[in-house]
>>> print(open('target_32.csv').read())   # CSV, C-alpha atoms and all ligand atoms
chain,number,residue,atom,x,y,z
A,13,MET,CA,0.0,0.0,0.0
A,14,ASN,CA,2.8,2.4,0.9
A,15,ASN,CA,4.3,1.9,-2.5
A,16,VAL,CA,1.4,3.8,-3.9
A,17,TRP,CA,2.7,6.9,-2.2
A,18,GLN,CA,6.3,6.3,-3.1
A,19,GLY,CA,6.4,6.7,-6.9
A,20,GLY,CA,9.5,5.9,-8.7
A,21,GLY,CA,10.0,9.3,-10.2
A,22,ARG,CA,12.3,12.2,-9.4
A,23,ARG,CA,13.3,12.4,-5.8
A,24,ILE,CA,11.9,15.4,-3.9
A,25,HIS,CA,13.2,15.9,-0.3
A,26,ILE,CA,10.6,16.9,2.2
A,27,GLN,CA,11.7,18.8,5.3
A,28,GLU,CA,9.3,19.0,8.2
A,29,VAL,CA,9.2,22.4,9.9
A,30,GLY,CA,6.0,22.0,12.0
A,31,THR,CA,7.7,21.7,15.3
A,32,ARG,CA,9.5,25.0,14.7
A,33,ASP,CA,7.6,27.2,12.2
A,34,GLY,CA,4.4,25.7,13.4
A,35,LEU,CA,4.6,25.5,17.1
A,36,GLN,CA,6.4,28.9,17.5
A,37,MET,CA,3.0,30.6,16.6
A,38,GLU,CA,0.8,28.6,18.9
A,39,ALA,CA,-0.7,30.2,22.0
A,40,GLN,CA,-1.0,26.9,23.9
A,41,PHE,CA,2.3,25.6,25.1
A,42,VAL,CA,2.8,22.1,23.9
A,43,PRO,CA,4.2,20.0,26.7
A,44,THR,CA,7.9,19.0,26.2
A,45,GLU,CA,7.2,15.2,26.2
A,46,ASP,CA,4.5,15.7,23.5
A,47,LYS,CA,6.9,17.6,21.3
A,48,ILE,CA,9.5,14.9,21.7
A,49,ALA,CA,6.9,12.2,20.9
A,50,LEU,CA,5.8,14.2,17.8
A,51,VAL,CA,9.3,14.5,16.5
A,52,ASP,CA,9.9,10.8,17.1
A,53,GLN,CA,6.7,10.0,15.1
A,54,LEU,CA,7.8,12.3,12.3
A,55,SER,CA,11.2,10.6,12.2
A,56,ALA,CA,9.5,7.4,11.2
A,57,THR,CA,7.6,8.9,8.3
A,58,GLY,CA,10.6,9.2,5.8
A,59,VAL,CA,11.0,13.0,5.8
A,60,ALA,CA,14.6,14.0,4.9
A,61,LYS,CA,15.0,16.7,7.6
A,62,ILE,CA,13.2,17.9,10.7
A,63,GLU,CA,13.4,21.4,12.0
A,64,VAL,CA,13.0,20.4,15.6
A,65,THR,CA,12.9,23.7,17.4
A,66,SER,CA,14.6,27.1,17.7
A,67,PHE,CA,17.3,28.3,20.0
A,68,THR,CA,15.9,31.8,20.3
A,69,SER,CA,15.3,34.0,23.3
A,70,PRO,CA,12.6,32.4,25.4
A,71,LYS,CA,11.1,35.9,25.8
A,72,ALA,CA,10.8,36.3,22.0
A,73,ILE,CA,9.5,32.7,21.4
A,74,PRO,CA,8.1,31.3,24.7
A,75,ALA,CA,6.5,28.3,22.9
A,76,LEU,CA,10.0,26.9,22.2
A,77,ARG,CA,11.6,27.6,25.5
A,78,ASP,CA,12.3,23.9,26.0
A,79,ALA,CA,14.6,23.6,22.9
A,80,GLU,CA,17.5,21.9,24.8
A,81,ILE,CA,15.5,19.1,26.3
A,82,VAL,CA,13.6,18.4,23.1
A,83,MET,CA,16.8,18.3,21.0
A,84,ARG,CA,18.6,16.1,23.5
A,85,GLU,CA,15.8,13.6,24.1
A,86,ILE,CA,14.4,12.9,20.6
A,87,ARG,CA,15.3,9.5,19.2
A,88,ARG,CA,17.4,10.1,16.1
A,89,ALA,CA,16.6,8.0,13.0
A,90,PRO,CA,19.5,7.2,10.7
A,91,GLY,CA,19.5,9.4,7.6
A,92,VAL,CA,17.2,12.1,9.0
A,93,VAL,CA,18.9,15.5,9.6
A,94,TYR,CA,17.8,17.2,12.8
A,95,THR,CA,18.1,21.0,12.3
A,96,ALA,CA,17.2,24.0,14.4
A,97,LEU,CA,16.7,27.7,13.9
A,98,VAL,CA,19.5,29.8,15.5
A,99,PRO,CA,19.4,33.7,15.6
A,100,ASN,CA,22.8,34.4,17.2
A,101,VAL,CA,26.0,33.0,18.7
A,102,ARG,CA,24.2,32.3,22.0
A,103,GLY,CA,21.7,30.2,20.1
A,104,ALA,CA,24.4,28.5,18.1
A,105,GLU,CA,26.2,27.5,21.3
A,106,ARG,CA,23.0,26.1,22.8
A,107,ALA,CA,22.2,24.2,19.6
A,108,ILE,CA,25.7,22.7,19.3
A,109,GLU,CA,25.7,21.7,22.9
A,110,SER,CA,22.4,19.9,22.3
A,111,ARG,CA,23.9,17.9,19.4
A,112,THR,CA,22.0,19.6,16.6
A,113,ASP,CA,23.0,18.2,13.2
A,114,GLU,CA,22.7,21.5,11.3
A,115,LEU,CA,22.2,25.2,12.3
A,116,ASN,CA,19.5,27.1,10.4
A,117,LEU,CA,20.5,30.8,10.5
A,118,VAL,CA,17.9,33.3,9.7
A,119,MET,CA,18.0,36.8,8.2
A,120,SER,CA,15.4,38.7,6.3
A,121,ALA,CA,15.9,39.9,2.7
A,122,SER,CA,13.7,42.8,3.7
A,123,ALA,CA,15.3,45.6,5.8
A,124,THR,CA,12.0,46.3,7.6
A,125,HIS,CA,11.2,42.7,8.5
A,126,ASN,CA,14.7,42.1,9.6
A,127,LEU,CA,14.4,44.9,12.1
A,128,ALA,CA,11.0,43.8,13.3
A,129,ASN,CA,12.0,40.1,13.6
A,130,LEU,CA,15.6,40.3,14.7
A,131,ARG,CA,16.0,43.9,16.0
A,132,MET,CA,19.0,44.5,13.8
A,133,THR,CA,19.8,46.1,10.4
A,134,ARG,CA,20.6,43.5,7.7
A,135,GLU,CA,24.3,44.6,7.9
A,136,GLN,CA,24.4,43.9,11.6
A,137,SER,CA,22.6,40.6,11.1
A,138,PHE,CA,25.1,39.6,8.5
A,139,ASP,CA,28.1,40.5,10.8
A,140,ALA,CA,26.5,38.6,13.7
A,141,LEU,CA,25.7,35.5,11.5
A,142,ALA,CA,29.2,35.5,10.0
A,143,GLN,CA,30.4,34.9,13.6
A,144,VAL,CA,27.8,32.2,14.0
A,145,VAL,CA,29.1,30.5,10.8
A,146,ARG,CA,32.6,30.6,12.3
A,147,THR,CA,31.4,29.1,15.5
A,148,ALA,CA,29.6,26.3,13.6
A,149,GLN,CA,32.6,25.7,11.4
A,150,GLN,CA,34.9,25.3,14.4
A,151,ALA,CA,32.5,22.7,15.8
A,152,GLY,CA,32.2,21.0,12.4
A,153,VAL,CA,28.4,21.6,12.2
A,154,PRO,CA,26.9,22.4,8.8
A,155,VAL,CA,25.0,25.7,8.3
A,156,ASN,CA,21.9,26.5,6.3
A,157,VAL,CA,20.9,30.1,5.9
A,158,SER,CA,17.2,31.0,5.6
A,159,LEU,CA,16.4,34.3,3.9
A,160,SER,CA,12.9,35.5,4.9
A,161,CYS,CA,10.6,37.6,2.7
A,162,VAL,CA,12.5,36.8,-0.5
A,163,PHE,CA,9.3,36.9,-2.5
A,164,GLY,CA,7.8,40.0,-0.9
A,165,CYS,CA,7.6,41.8,2.5
A,166,PRO,CA,4.2,42.5,4.2
A,167,MET,CA,5.5,45.9,5.2
A,168,GLU,CA,7.7,46.9,2.2
A,169,GLY,CA,6.1,45.1,-0.8
A,170,ASP,CA,8.4,43.8,-3.5
A,171,VAL,CA,11.9,42.9,-2.3
A,172,ASP,CA,14.8,43.6,-4.8
A,173,GLU,CA,15.9,40.3,-6.3
A,174,ALA,CA,19.4,41.4,-7.1
A,175,GLU,CA,19.9,42.7,-3.5
A,176,THR,CA,18.6,39.4,-2.1
A,177,ALA,CA,21.0,37.5,-4.4
A,178,ALA,CA,23.9,39.6,-3.2
A,179,TRP,CA,23.1,38.7,0.5
A,180,ALA,CA,22.9,35.1,-0.5
A,181,GLN,CA,26.2,35.3,-2.3
A,182,ARG,CA,27.9,36.7,0.8
A,183,PHE,CA,26.7,33.7,2.8
A,184,VAL,CA,27.8,31.3,0.1
A,185,ASP,CA,31.2,33.0,0.2
A,186,LEU,CA,31.4,32.2,3.9
A,187,GLY,CA,31.1,28.5,3.0
A,188,VAL,CA,27.6,27.7,4.2
A,189,GLN,CA,26.2,24.4,2.9
A,190,GLY,CA,22.6,25.4,2.3
A,191,LEU,CA,20.3,28.3,1.3
A,192,THR,CA,16.6,28.5,1.9
A,193,LEU,CA,14.5,31.0,0.1
A,194,CYS,CA,11.5,31.8,2.3
A,195,ASP,CA,8.1,33.2,1.3
A,196,THR,CA,7.4,34.2,4.9
A,197,THR,CA,3.9,35.6,4.3
A,198,GLY,CA,2.6,33.8,1.1
A,199,MET,CA,3.4,36.6,-1.3
A,200,ALA,CA,5.2,34.4,-3.9
A,201,PHE,CA,3.5,33.5,-7.1
A,202,PRO,CA,4.5,30.7,-9.6
A,203,THR,CA,6.1,32.7,-12.4
A,204,GLN,CA,8.2,34.7,-9.9
A,205,VAL,CA,9.1,31.4,-8.1
A,206,GLY,CA,10.3,29.9,-11.4
A,207,ARG,CA,12.5,32.8,-12.2
A,208,VAL,CA,14.1,33.1,-8.8
A,209,THR,CA,14.6,29.3,-8.4
A,210,ARG,CA,16.2,29.0,-11.8
A,211,ALA,CA,18.5,31.9,-11.1
A,212,ALA,CA,19.5,30.4,-7.7
A,213,ARG,CA,20.1,26.9,-9.2
A,214,GLU,CA,22.4,28.4,-11.9
A,215,ARG,CA,24.3,30.7,-9.6
A,216,TRP,CA,24.9,28.3,-6.7
A,217,PRO,CA,24.9,24.7,-8.2
A,218,GLY,CA,27.0,23.4,-5.3
A,219,THR,CA,24.7,24.7,-2.5
A,220,GLU,CA,21.8,22.8,-1.1
A,221,LEU,CA,18.7,24.8,-2.1
A,222,THR,CA,15.4,24.7,-0.2
A,223,LEU,CA,12.2,26.5,-1.0
A,224,HIS,CA,10.0,27.5,1.9
A,225,PHE,CA,6.4,28.5,1.1
A,226,HIS,CA,3.5,29.6,3.2
A,227,ASN,CA,0.0,29.0,1.9
A,228,THR,CA,-1.4,32.4,3.1
A,229,ARG,CA,-2.9,33.2,-0.3
A,230,GLY,CA,-3.6,29.7,-1.5
A,231,MET,CA,-0.6,29.6,-3.9
A,232,GLY,CA,1.5,27.2,-1.9
A,233,LEU,CA,1.2,24.0,-4.0
A,234,ALA,CA,1.4,26.0,-7.2
A,235,ASN,CA,4.6,27.5,-6.0
A,236,VAL,CA,6.1,24.1,-5.1
A,237,LEU,CA,5.3,22.8,-8.6
A,238,ALA,CA,6.8,25.9,-10.3
A,239,ALA,CA,9.9,25.5,-8.2
A,240,ILE,CA,10.2,21.8,-9.2
A,241,ASP,CA,9.9,22.7,-12.8
A,242,ALA,CA,12.7,25.2,-12.3
A,243,GLY,CA,15.0,22.6,-10.8
A,244,ALA,CA,14.3,22.6,-7.0
A,245,ASP,CA,14.1,19.3,-5.2
A,246,ARG,CA,13.9,20.4,-1.5
A,247,PHE,CA,10.9,21.9,0.3
A,248,ASP,CA,10.0,22.9,3.8
A,249,ALA,CA,6.5,22.0,4.8
A,250,SER,CA,4.5,21.8,8.0
A,251,LEU,CA,2.4,19.0,9.4
A,252,GLY,CA,-1.3,20.0,9.3
A,253,GLY,CA,-0.3,23.3,7.6
A,254,LEU,CA,0.6,25.0,10.9
A,255,GLY,CA,3.0,27.9,10.9
A,256,GLY,CA,3.8,31.6,10.6
A,257,CYS,CA,6.2,34.2,11.8
A,258,PRO,CA,5.0,36.1,14.9
A,259,TYR,CA,6.9,39.2,13.6
A,260,ALA,CA,5.3,39.3,10.1
A,261,PRO,CA,1.8,40.8,10.0
A,262,GLY,CA,-0.8,38.5,8.4
A,263,ALA,CA,1.5,35.5,8.4
A,264,SER,CA,-0.2,32.1,8.4
A,265,GLY,CA,0.6,28.4,7.8
A,266,ASN,CA,3.3,26.8,5.8
A,267,VAL,CA,2.4,24.5,2.9
A,268,CYS,CA,0.9,21.4,4.5
A,269,THR,CA,3.2,18.4,4.5
A,270,GLU,CA,0.6,15.8,3.9
A,271,GLU,CA,-1.0,17.8,1.1
A,272,ILE,CA,2.3,18.3,-0.7
A,273,VAL,CA,3.3,14.6,-0.3
A,274,HIS,CA,-0.1,13.5,-1.5
A,275,ALA,CA,0.0,15.7,-4.6
A,276,LEU,CA,3.6,14.9,-5.5
A,277,ALA,CA,2.9,11.1,-5.1
A,278,LEU,CA,0.0,11.3,-7.5
A,279,MET,CA,2.3,13.1,-10.0
A,280,GLY,CA,4.8,10.3,-9.7
A,281,TYR,CA,7.5,12.1,-7.7
A,282,ASP,CA,9.4,10.1,-5.1
A,283,THR,CA,9.2,11.9,-1.7
A,284,GLY,CA,10.2,8.8,0.3
A,285,VAL,CA,7.4,9.7,2.8
A,286,ASP,CA,4.8,7.3,4.1
A,287,LEU,CA,1.6,9.3,3.7
A,288,GLU,CA,-0.4,7.1,6.1
A,289,ALA,CA,2.2,7.6,8.9
A,290,LEU,CA,2.2,11.4,8.2
A,291,LEU,CA,-1.6,11.5,8.4
A,292,SER,CA,-1.6,9.6,11.7
A,293,ALA,CA,0.8,12.2,13.2
A,294,SER,CA,-1.3,15.1,11.8
A,295,ARG,CA,-4.5,13.7,13.4
A,296,LEU,CA,-2.9,14.2,16.8
A,297,LEU,CA,-2.2,17.9,16.3
A,298,PRO,CA,-5.7,19.4,17.2
A,299,VAL,CA,-5.4,17.8,20.7
A,300,LEU,CA,-1.8,19.2,21.2
A,301,ILE,CA,-2.6,22.7,20.1
A,302,GLY,CA,-6.2,23.0,21.1
A,303,HIS,CA,-7.7,23.8,17.7
A,304,ASP,CA,-8.2,22.5,14.2
A,305,THR,CA,-5.4,22.6,11.6
A,306,PRO,CA,-5.7,24.0,8.0
A,307,SER,CA,-5.0,20.5,6.5
A,308,GLN,CA,-7.6,20.0,3.8
A,309,LEU,CA,-6.4,16.4,3.2
A,310,LEU,CA,-7.1,15.4,6.7
A,311,LYS,CA,-10.7,16.6,6.3
A,312,ALA,CA,-11.3,15.3,2.8
A,313,GLY,CA,-9.2,12.1,2.8
A,314,CYS,CA,-6.9,11.0,0.0
A,315,ARG,CA,-8.0,11.1,-3.6
A,316,LEU,CA,-9.0,7.5,-3.8
A,317,ASP,CA,-10.4,7.1,-0.3
A,318,LEU,CA,-13.8,6.2,-1.7
A,319,HIS,CA,-17.2,6.6,-0.1
A,320,PRO,CA,-20.0,4.1,-0.3
A,321,ALA,CA,-22.8,5.0,-2.7
A,322,PRO,CA,-26.1,6.2,-1.1
A,323,ALA,CA,-28.2,3.5,0.8
A,324,ASP,CA,-31.0,3.7,-1.8
A,325,PHE,CA,-28.5,3.4,-4.7
A,326,GLU,CA,-29.8,-0.1,-5.9
A,327,ALA,CA,-33.4,1.1,-6.0
A,328,VAL,CA,-32.4,4.3,-7.8
A,329,ARG,CA,-30.5,2.3,-10.4
A,330,GLU,CA,-33.3,-0.2,-11.0
A,331,ARG,CA,-35.8,2.6,-11.5
A,332,ALA,CA,-33.4,4.4,-13.9
A,333,LEU,CA,-32.8,1.2,-15.9
A,334,ALA,CA,-36.6,0.4,-16.1
A,335,ARG,CA,-37.2,3.8,-17.8
A,336,PRO,CA,-37.2,3.8,-21.6
A,337,HIS,CA,-34.1,5.3,-23.2
A,401,LIG,N1,18.9,32.0,23.5
A,401,LIG,C1,18.5,32.4,24.7
A,401,LIG,N2,18.4,33.6,25.2
A,401,LIG,C2,18.7,34.6,24.3
A,401,LIG,C3,19.2,34.3,23.0
A,401,LIG,C4,19.3,33.0,22.6
A,401,LIG,N3,19.7,32.7,21.4
A,401,LIG,N4,19.5,35.5,22.4
A,401,LIG,C5,19.2,36.5,23.3
A,401,LIG,N5,18.7,35.9,24.5
A,401,LIG,C6,18.3,36.6,25.7
A,401,LIG,C7,19.3,37.5,26.3
A,401,LIG,O1,20.1,36.7,27.2
A,401,LIG,C8,18.5,38.5,26.9
A,401,LIG,O2,18.0,38.0,28.2
A,401,LIG,P1,17.7,38.9,29.4
A,401,LIG,O3,16.7,40.0,29.0
A,401,LIG,O4,17.2,38.0,30.4
A,401,LIG,O5,19.0,39.5,29.7
A,401,LIG,C9,17.4,38.7,26.0
A,401,LIG,O6,17.3,37.5,25.3
A,401,LIG,C10,17.6,39.9,25.1
A,401,LIG,O7,18.8,39.8,24.5
A,401,LIG,P2,19.4,40.8,23.3
A,401,LIG,O8,20.8,40.3,23.0
A,401,LIG,O9,19.1,42.2,23.8
A,401,LIG,O10,18.5,40.4,22.1
A,401,LIG,P3,17.2,41.0,21.5
A,401,LIG,O11,16.2,41.4,22.5
A,401,LIG,O12,17.7,42.1,20.6
A,401,LIG,O13,16.7,39.8,20.7
A,401,LIG,C11,16.8,37.9,19.2
A,401,LIG,C12,17.3,39.3,19.6
A,401,LIG,C13,16.9,37.7,17.7
A,401,LIG,C14,17.7,36.9,19.9
A,401,LIG,C15,15.4,37.7,19.7
A,401,LIG,O14,14.6,38.7,19.2
A,401,LIG,C16,14.8,36.4,19.2
A,401,LIG,O15,15.2,35.3,19.6
A,401,LIG,N6,13.9,36.5,18.2
A,401,LIG,C17,13.2,35.3,17.7
A,401,LIG,C18,13.2,35.5,16.2
A,401,LIG,C19,12.4,34.3,15.6
A,401,LIG,O16,12.6,33.2,15.9
A,401,LIG,N7,11.4,34.7,14.8
A,401,LIG,C20,10.6,33.7,14.1
A,401,LIG,C21,11.2,32.8,13.2
A,401,LIG,S1,11.6,33.6,11.6
A,402,ZN,ZN,8.1,30.2,7.6
>>> encode(input="target_32.csv", output="structure tokens", more="lines below")
Ligand code: COA
Ligand code: ZN
Amino acid sequence: MNNVWQGGGRRIHIQEVGTRDGLQMEAQFVPTEDKIALVDQLSATGVAKIEVTSFTSPKAIPALRDAEIVMREIRRAPGVVYTALVPNVRGAERAIESRTDELNLVMSASATHNLANLRMTREQSFDALAQVVRTAQQAGVPVNVSLSCVFGCPMEGDVDEAETAAWAQRFVDLGVQGLTLCDTTGMAFPTQVGRVTRAARERWPGTELTLHFHNTRGMGLANVLAAIDAGADRFDASLGGLGGCPYAPGASGNVCTEEIVHALALMGYDTGVDLEALLSASRLLPVLIGHDTPSQLLKAGCRLDLHPAPADFEAVRERALARPH
């Protein structure tokens, strides 16, 4: 049965961010042992990477104030990369001490959003993150840099693509292993995504490239497909479609992991993810967070989860067949 969901086509890597991008927004604190159990369950689904938590200031993101315990106590599945968001050197030290596989550094492509989210100018952020990169390199821990608001800023509007590419280039020059282009508030649209993804693939062929979309305006899946056509093969997605940045007005959920996996499997892509296992995990979320999730797949079921015909179907058919035609 699972093979149905593991088509033999091109490999697309799915990176689960629900326990970070998702839970950081939730008002209800999810108990530490439940977070650990959720990550353990996700580890068994076949996702390539899990963004477990963030080592941010507990005052800024109280929902993830238990980052150390969660990172230390999860059971690590071979082949899964356990990453965490890190805003500064303090966060990097905490993450490295907790045996995080990869540090995900964050800076905004938008000057305004960077100040709102990280309380620094982009130049200050870059200098601080360059120091984080050195700390990680000394510890032998790989670094991914996530650039927020690449496809638009809710306060500034369009963000200059050449300027964004120049920031990305400065990180590539520092020797980071991966770059994530983030659509923090769902402003990306498919033709823009195609152009930006193609340019990034051509410019940094040796860098692991991830696309991170939010479904705020219903364009999430369309953007994923446009990015695949332009050469991308790694996507962040969030179980149940949770997510959003507390420092970006109007932010809402990431593209929903189970919806992306379902759609890509139907199209013949190989995500390596067991959809049933993912859905089982997603079903638990409403209890953990105290409300429904945006997942449409959980409500509707998979494409071929069929329903019985109405109870009077036989009678209806006989009557129809008895009529002259
Ligand atoms: N881990 C733990 N505590 C941290 C920390 C970290 N990585 N970075 C800063 N702190 C603490 C400081 O010790 C200080 O604590 P105190 O008030 O008890 O002395 C407090 O946070 C403020 O520190 P300061 O250096 O003045 O930072 P700041 O207030 O300018 O905050 C950030 C900067 C970026 C660290 C903070 O705003 C943050 O963590 N933001 C979260 C961003 C985020 O995750 N956004 C959503 C995802 S895109
Ligand atoms: Zn996000």
>>> axis_aligned_box(input="target_32.csv", around="ligand LIG 401 (chain A)", padding_each_side="3 Å", output="lines of an AutoDock Vina configuration file")
center_x = 15.7
center_y = 37.1
center_z = 21.0
size_x = 16.2
size_y = 16.2
size_z = 24.8
>>> residues_near_ligand(input="target_32.csv", ligand="ligand ZN 402 (chain A)", cutoff="9 Å", atoms="all atoms listed in the file", output="number ranges by chain")
A: 29, 32-34, 160, 194-197, 224-226, 248-249, 255-257, 263-266
>>> atom_distance(input="target_32.csv", atom1="CA of Val101 in chain A", atom2="CA of Leu141 in chain A")
7.6 Å
>>> closest_residue(input="target_32.csv", among="A:Arg207, A:Arg246, A:Lys47, A:Arg146", to="Arg87 in chain A", atoms="all atoms listed in the file")
A:Lys47
>>> atom_distance(input="target_32.csv", atom1="CA of Ser294 in chain A", atom2="CA of Gln40 in chain A")
16.9 Å
>>> residues_near_ligand(input="target_32.csv", ligand="ligand LIG 401 (chain A)", cutoff="10 Å", atoms="only C-alpha atoms and all ligand atoms", output="PyMOL selection string")
chain A and resi 32-34+36-37+65-74+76-77+79+97-107+117-120+125-132+137+158-161+194+196+255-260
>>> closest_atom_pairs(input="target_32.csv", of="range 94-128 of chain A", to="range 165-168 of chain A", cutoff="9 Å", atoms="only C-alpha atoms", output="tab-separated table")
residue	atom	partner	partner_atom	distance
A:Ala121	CA	A:Cys165	CA	8.5
A:Ser122	CA	A:Cys165	CA	6.3
A:Ala123	CA	A:Glu168	CA	8.5
A:Thr124	CA	A:Glu168	CA	6.9
A:His125	CA	A:Cys165	CA	7.1
>>> atom_distance(input="target_32.csv", atom1="CA of Ala275 in chain A", atom2="CA of Leu233 in chain A")
8.4 Å
>>> residues_around(input="target_32.csv", residues="range 148-157 of chain A", least_positions_apart="6", cutoff="6 Å", atoms="only C-alpha atoms", output="PyMOL selection string")
chain A and resi 114-118+188-191
>>> closest_residue(input="target_32.csv", among="A:Ala212, A:Pro202, A:Glu135, A:Ser250", to="Gly230 in chain A", atoms="only C-alpha atoms")
A:Pro202
>>> closest_atom_pairs(input="target_32.csv", of="range 178-237 of chain A", to="range 142-145 of chain A", cutoff="12 Å", atoms="all atoms listed in the file", output="Markdown table")
| residue | atom | partner | partner_atom | distance |
| --- | --- | --- | --- | --- |
| A:Trp179 | CA | A:Ala142 | CA | 11.7 |
| A:Arg182 | CA | A:Ala142 | CA | 9.4 |
| A:Phe183 | CA | A:Ala142 | CA | 7.8 |
| A:Val184 | CA | A:Val145 | CA | 10.8 |
| A:Asp185 | CA | A:Ala142 | CA | 10.3 |
| A:Leu186 | CA | A:Ala142 | CA | 7.3 |
| A:Gly187 | CA | A:Val145 | CA | 8.3 |
| A:Val188 | CA | A:Val145 | CA | 7.3 |
| A:Gln189 | CA | A:Val145 | CA | 10.4 |
| A:Gly190 | CA | A:Val145 | CA | 11.9 |
>>> residues_around(input="target_32.csv", residues="Leu223 in chain A", least_positions_apart="2", cutoff="6 Å", atoms="all atoms listed in the file", output="PDB file with C-alpha atoms, keeping the file's coordinate frame")
ATOM      1  CA  THR A 192      16.600  28.500   1.900  1.00  0.00           C
ATOM      2  CA  LEU A 193      14.500  31.000   0.100  1.00  0.00           C
ATOM      3  CA  PHE A 247      10.900  21.900   0.300  1.00  0.00           C
TER       4      PHE A 247
END
>>> closest_residue(input="target_32.csv", among="A:Val208, A:Ala174, A:Ile26, A:Leu333", to="His274 in chain A", atoms="only C-alpha atoms")
A:Ile26
>>> closest_residue(input="target_32.csv", among="A:Ala211, A:Val267, A:Val51, A:Val205", to="Ala238 in chain A", atoms="all atoms listed in the file")
A:Val205
>>> closest_residue(input="target_32.csv", among="A:Ala60, A:Leu291, A:Ala75, A:Ala327", to="Glu270 in chain A", atoms="all atoms listed in the file")
A:Leu291
>>> closest_residue(input="target_32.csv", among="A:Gln181, A:Ile301, A:Ala200, A:Thr147", to="Val162 in chain A", atoms="all atoms listed in the file")
A:Ala200
>>> residues_around(input="target_32.csv", residues="Cys314 in chain A", least_positions_apart="3", cutoff="12 Å", atoms="all atoms listed in the file", output="JSON, numbers by chain")
{"A": [16, 17, 270, 271, 272, 273, 274, 275, 277, 278, 287, 288, 291, 307, 308, 309, 310, 311, 317, 318, 319]}
>>> decode(input="target_32.csv", residues="range 155-159 of chain A", atoms="all heavy atoms", output="PDB file, in the first residue's frame")
ATOM      1  N   VAL A 155      25.895  24.494   8.149  1.00  0.00           N
ATOM      2  CA  VAL A 155      25.028  25.667   8.299  1.00  0.00           C
ATOM      3  C   VAL A 155      24.142  25.837   7.075  1.00  0.00           C
ATOM      4  O   VAL A 155      24.596  25.707   5.937  1.00  0.00           O
ATOM      5  CB  VAL A 155      25.886  26.946   8.482  1.00  0.00           C
ATOM      6  CG1 VAL A 155      25.023  28.190   8.425  1.00  0.00           C
ATOM      7  CG2 VAL A 155      26.666  26.893   9.788  1.00  0.00           C
ATOM      8  N   ASN A 156      22.873  26.109   7.344  1.00  0.00           N
ATOM      9  CA  ASN A 156      21.944  26.523   6.286  1.00  0.00           C
ATOM     10  C   ASN A 156      21.515  27.950   6.623  1.00  0.00           C
ATOM     11  O   ASN A 156      21.307  28.280   7.779  1.00  0.00           O
ATOM     12  CB  ASN A 156      20.719  25.597   6.285  1.00  0.00           C
ATOM     13  CG  ASN A 156      19.734  25.938   5.177  1.00  0.00           C
ATOM     14  OD1 ASN A 156      19.917  25.568   4.033  1.00  0.00           O
ATOM     15  ND2 ASN A 156      18.682  26.684   5.519  1.00  0.00           N
ATOM     16  N   VAL A 157      21.394  28.783   5.606  1.00  0.00           N
ATOM     17  CA  VAL A 157      20.911  30.146   5.859  1.00  0.00           C
ATOM     18  C   VAL A 157      19.539  30.316   5.226  1.00  0.00           C
ATOM     19  O   VAL A 157      19.359  30.061   4.032  1.00  0.00           O
ATOM     20  CB  VAL A 157      21.886  31.202   5.303  1.00  0.00           C
ATOM     21  CG1 VAL A 157      21.282  32.600   5.401  1.00  0.00           C
ATOM     22  CG2 VAL A 157      23.208  31.146   6.070  1.00  0.00           C
ATOM     23  N   SER A 158      18.569  30.711   6.048  1.00  0.00           N
ATOM     24  CA  SER A 158      17.223  30.983   5.551  1.00  0.00           C
ATOM     25  C   SER A 158      17.043  32.477   5.379  1.00  0.00           C
ATOM     26  O   SER A 158      17.213  33.244   6.338  1.00  0.00           O
ATOM     27  CB  SER A 158      16.177  30.484   6.556  1.00  0.00           C
ATOM     28  OG  SER A 158      16.044  29.087   6.464  1.00  0.00           O
ATOM     29  N   LEU A 159      16.729  32.892   4.162  1.00  0.00           N
ATOM     30  CA  LEU A 159      16.437  34.307   3.920  1.00  0.00           C
ATOM     31  C   LEU A 159      14.921  34.480   3.895  1.00  0.00           C
ATOM     32  O   LEU A 159      14.230  33.884   3.060  1.00  0.00           O
ATOM     33  CB  LEU A 159      17.046  34.747   2.587  1.00  0.00           C
ATOM     34  CG  LEU A 159      18.588  34.795   2.551  1.00  0.00           C
ATOM     35  CD1 LEU A 159      19.074  35.107   1.143  1.00  0.00           C
ATOM     36  CD2 LEU A 159      19.127  35.835   3.538  1.00  0.00           C
TER      37      LEU A 159
END
